[in-house]
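Read through the structure below, which is laid out as structure tokens, and then see the notes.
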Amino acid sequence: MISILSKNYNASEIEAKWQAKWKDEELFRFDPDLSKPVYSIDTPPPFTSGTLHMGHIYNHVWIDIVARYKRMRGFNVYLPQGFDCHGLPTELRVEKEPGVDIKDRDGFLKKCREWTETAISRMRKQFESIGYSADWNHSYRTIDDPYKALVQKTLLEFYKKNLLYREKHPVLWCPKCETALAKAEVGYVEKEGKLYHIDLDAEGHKLTIATTRPEMMPACVAVLVHPEDPRYKKFVGKKAGLPIFKREVPVIADLTVEKEFGTGVVYVCTFGDEQDMAWQKQYKLPVIEAIDKKGNLTSVAGKYSGLGVEDGRHRITEDLIEDGHIRKVEKIRHNVLCHTERSSCNTPIELLPLEQWFIKVRDFTKDIVHAAGQMKWYPDYMLQRLIDWSESMDWDWCISRQRIFGTPIPFWVCKCGEIIPTEENLPVDPRGTERKCMKCGGDAIGEQNVCDCWVDSSITPLAISRWGSDDKFFKKTYPLSLRPQGYEIIRTWTFYTIFRNLILTNQPCFRELMINGMVAGPDGRKMSKSLGNIIEPEEPLKKYSADTLRQWSAAGTLGNDYPFSWEECEHSQKFLTKLWNITRFIEMHLKDFDGREINPEKLNEMWQSPIEPTRNSEGIWAQSEPKALIREARWAQKLQSNFSGDKVALTYVGEAEPLRHIDRWILSKLERIVDNSTRNLDNYVFNMPLEEIRSFVWHDLADDYLEMVKHRLYKPDIYGADSRVAAQYKLNKILTEVLRLLSPFTPHICDEIWSNLFGGYATTSNWPETNTDLISPAAEEIGELAREIISLIRKYKSEKGMSLGSEMGSLKILANPGLINKIEKIRMDIIGTGKIRNLEISKSDVEKFDLEFTQ
């Protein structure tokens, strides 16, 4: 026994102490030269928004549980933590600061970096406050020059492989954020809208189109009908006149037109949606650009030029109504493509033909799916999300963004079309610079755009494995053992990472993926400011401990959304108090238990049998005879030894008496939990082992077993000193095993208890190995029988107003013949726990058993 635990568990003080201790001792430092097998984790780098949200807490507690568990299993765990720094939200935040001028690029970038540095500092402290065991010596930030150099190096490699190109092409454009987007950054949002029925003049006949976007009429290049629609066969091949804009466009028959939607007639505009793109290419139609980068109508709209989309729609429909060209207006609900990756934006997307940079990805979707299939997914059905996304991919990846704070694209472009790359002095920033074009002799202009953030984050496996700079380190850590992440970014982070790493390393980048769901509000709905259900991490951390919040996180399930729960936090906090109080009780009874040394003669006397100490196959001193007695007194199989010369001292590590049935019961339950917990944690299931361990501690141990051994602990003069030592051994074994099981979940309290009672840390102890010899359904049956009988005794005392510790006169147990022998085996436990002076056990024809009490 090292020291005595305080009466109350001061979580804030103790957790701060252990977080500082782990940090000062660099307990989680990764040493690549160790001979242990490496377990490497590609942790999600949170965007540096300034604070972690509950999704980060949830996800990173899962990661930390895995890391701590794997260390206890003997792995050399590599847990670097990075930060995803570039992006529009930082720009928008910095733009609001007084005195900031976005036109002063260098000054603006400096401010963005300062904001990011502050955000990283705060977020790292938040990670540390939950006991996150990252090796900060291997941290990375996407704003740092080495990281940007690696990003640019990978782009140059793609360019050499002819997989990176620049082209004018319709891109998904957010007019609010004023940047191009990748398809993975947009999604459909159901909105209220109107369907306008507009009459066109088709060579003297009315042809009525149905559209939700009359403001796109200036960009109309054709009208389409279904070839088998009898209403419109006569119009095919004719010209249709556009009202207001006084132009004619061809009427074309196309099988993809939906006859049942609206009027069955649609107009093709460049570009209203992705279907318009397909039709424009198919029929080689002209391209008219009617909307600019700010979302305003261009000069082709005539008098409507300069109006925003909404205003332009309103003005054009007013004029069409006045001219008598609108036949009907219907209210509808329809899906609108929006900038969904940023919930604060959600602006409808425009398709604008612009010069952008693309990475060829469509040709590799089968390779991506094949590589993903070689990885093990938890849960396995999440692989289908990636497959579905891959199969729907109809565009290459647009990687350029019209922003400032990002990794520059390392090329210069000449008017003659020549692209000039550079591999010298990476990272480079071509913006505002020129280079001589070797093809035409002209000036090549440095690329102004920056990379999409997913270009940065999709090389995290390469960055943390030191690809291209440290071959030995790379081979040790790559492929990464685990990619943990949320399901909502499978189509972005997972997809692009597998793709880019496959191209550059020619092998899958992960062995396993662990997928979590999203954190919902306490009401089960998605967290939203408008719903008033957002929970910030500071709120529960002020009220509860880190180990409490870690238990809430661990109670979630693979792949499923998970609501924040104040009730679960309350329950988890109470469990920590319960564990502390149980430990204080056990500690009180272990003060004189020190694994005392005894010699072979003393063992002879205990066993009443000759002993011949020998070394077993593990090099541990043990006795060889008599085997029957060894099997009964199981402790004799593992005697610790100290020896000097010819003298051997066997250290007593078990009980001198044979295992009692009540002891067999608790040990069987415990070993079954060890077995279940190991299997579940190997499969990244956290909620089941946590609940099983907590139930065992709270009910099996605290409510029952401790009550059933108190008489052995308090009254060795009556029940025997050996019986007391045996109970001490069990309590010592149970406590150490429980602390090791709980350590990945609640490391602070486990290290505090372990260091005080046993010295060292639970964190650095070995994960318990299952002793299958101790798992016994028969023992568990007898133990449950004891619980049931003792529970009825307690109930009787309570109903009679007796204290649970008061003695009783006589108890008669009338039992079914099949239970008589089992109850006899726990006779002494019933007498001692129930404080029964006289116990009679008799056969009866009752279904199970009845109790008859006599004062």
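In the structure tokens, chains take letters A, B, ... by order of appearance, with residues numbered from 1 within each chain and ligands from 1 in the order shown.
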
Leaving out His226 of chain A and any residue of its chain fewer than 4 positions from it, which residues lie within 7 Å of it when counting only C-alpha atoms, given as JSON, numbers by chain? {"A": [253, 254, 255, 257, 259]}

Excluding same-chain residues fewer than 6 positions from Thr270 of chain A, what lies within 9 Å of it counting only C-alpha atoms, as a PyMOL selection string? chain A and resi 170+216+219-221+276-277+280+286-290+351-353

What's the 9 Å shell around segment 72-81 of chain A, counting only C-alpha atoms, without same-chain residues fewer than 6 positions away, as an MDAnalysis selection string? chainID A and resid 28:32 34:45 63:64 133:141 464 477 740 744 763:768

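Near segment 186-193 of chain A, within 9 Å and counting only C-alpha atoms, sit A:Leu172, A:Leu181, A:Ala182, A:Lys183, A:Thr212, A:Glu330, A:Lys331, A:Ile332, A:Arg333, A:His334, A:Asn335, A:Val336, A:Leu337, A:Cys338, A:His339, A:Thr340, A:Glu341, A:Arg342, A:Asn346, A:Pro348, A:Ile349, not including residues fewer than 3 positions from it in the same chain.
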
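Using only C-alpha atoms, the protein and nucleic acid residues lying no more than 9 Å from Lys812 of chain A, apart from those fewer than 2 places from it along its own chain, are Ser810, Leu814, Asn838, Leu839, Glu840, Ile841, Ser842, Asp850, Leu851, Glu852, Phe853 and Thr854 of chain A.
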
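Residues of segment 34-137 of chain A that DSSP places in strand (DSSP E or B), based on the backbone of this structure, are Val38, Tyr39, Ser40, Ile41, Phe47, Asn76, Val77, Tyr78, Gly82, Phe83 and Asp84 of chain A.
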
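Counting from atom CA of Tyr147 of chain A, the distance to atom CA of Leu354 of chain A is 28.6 Å.
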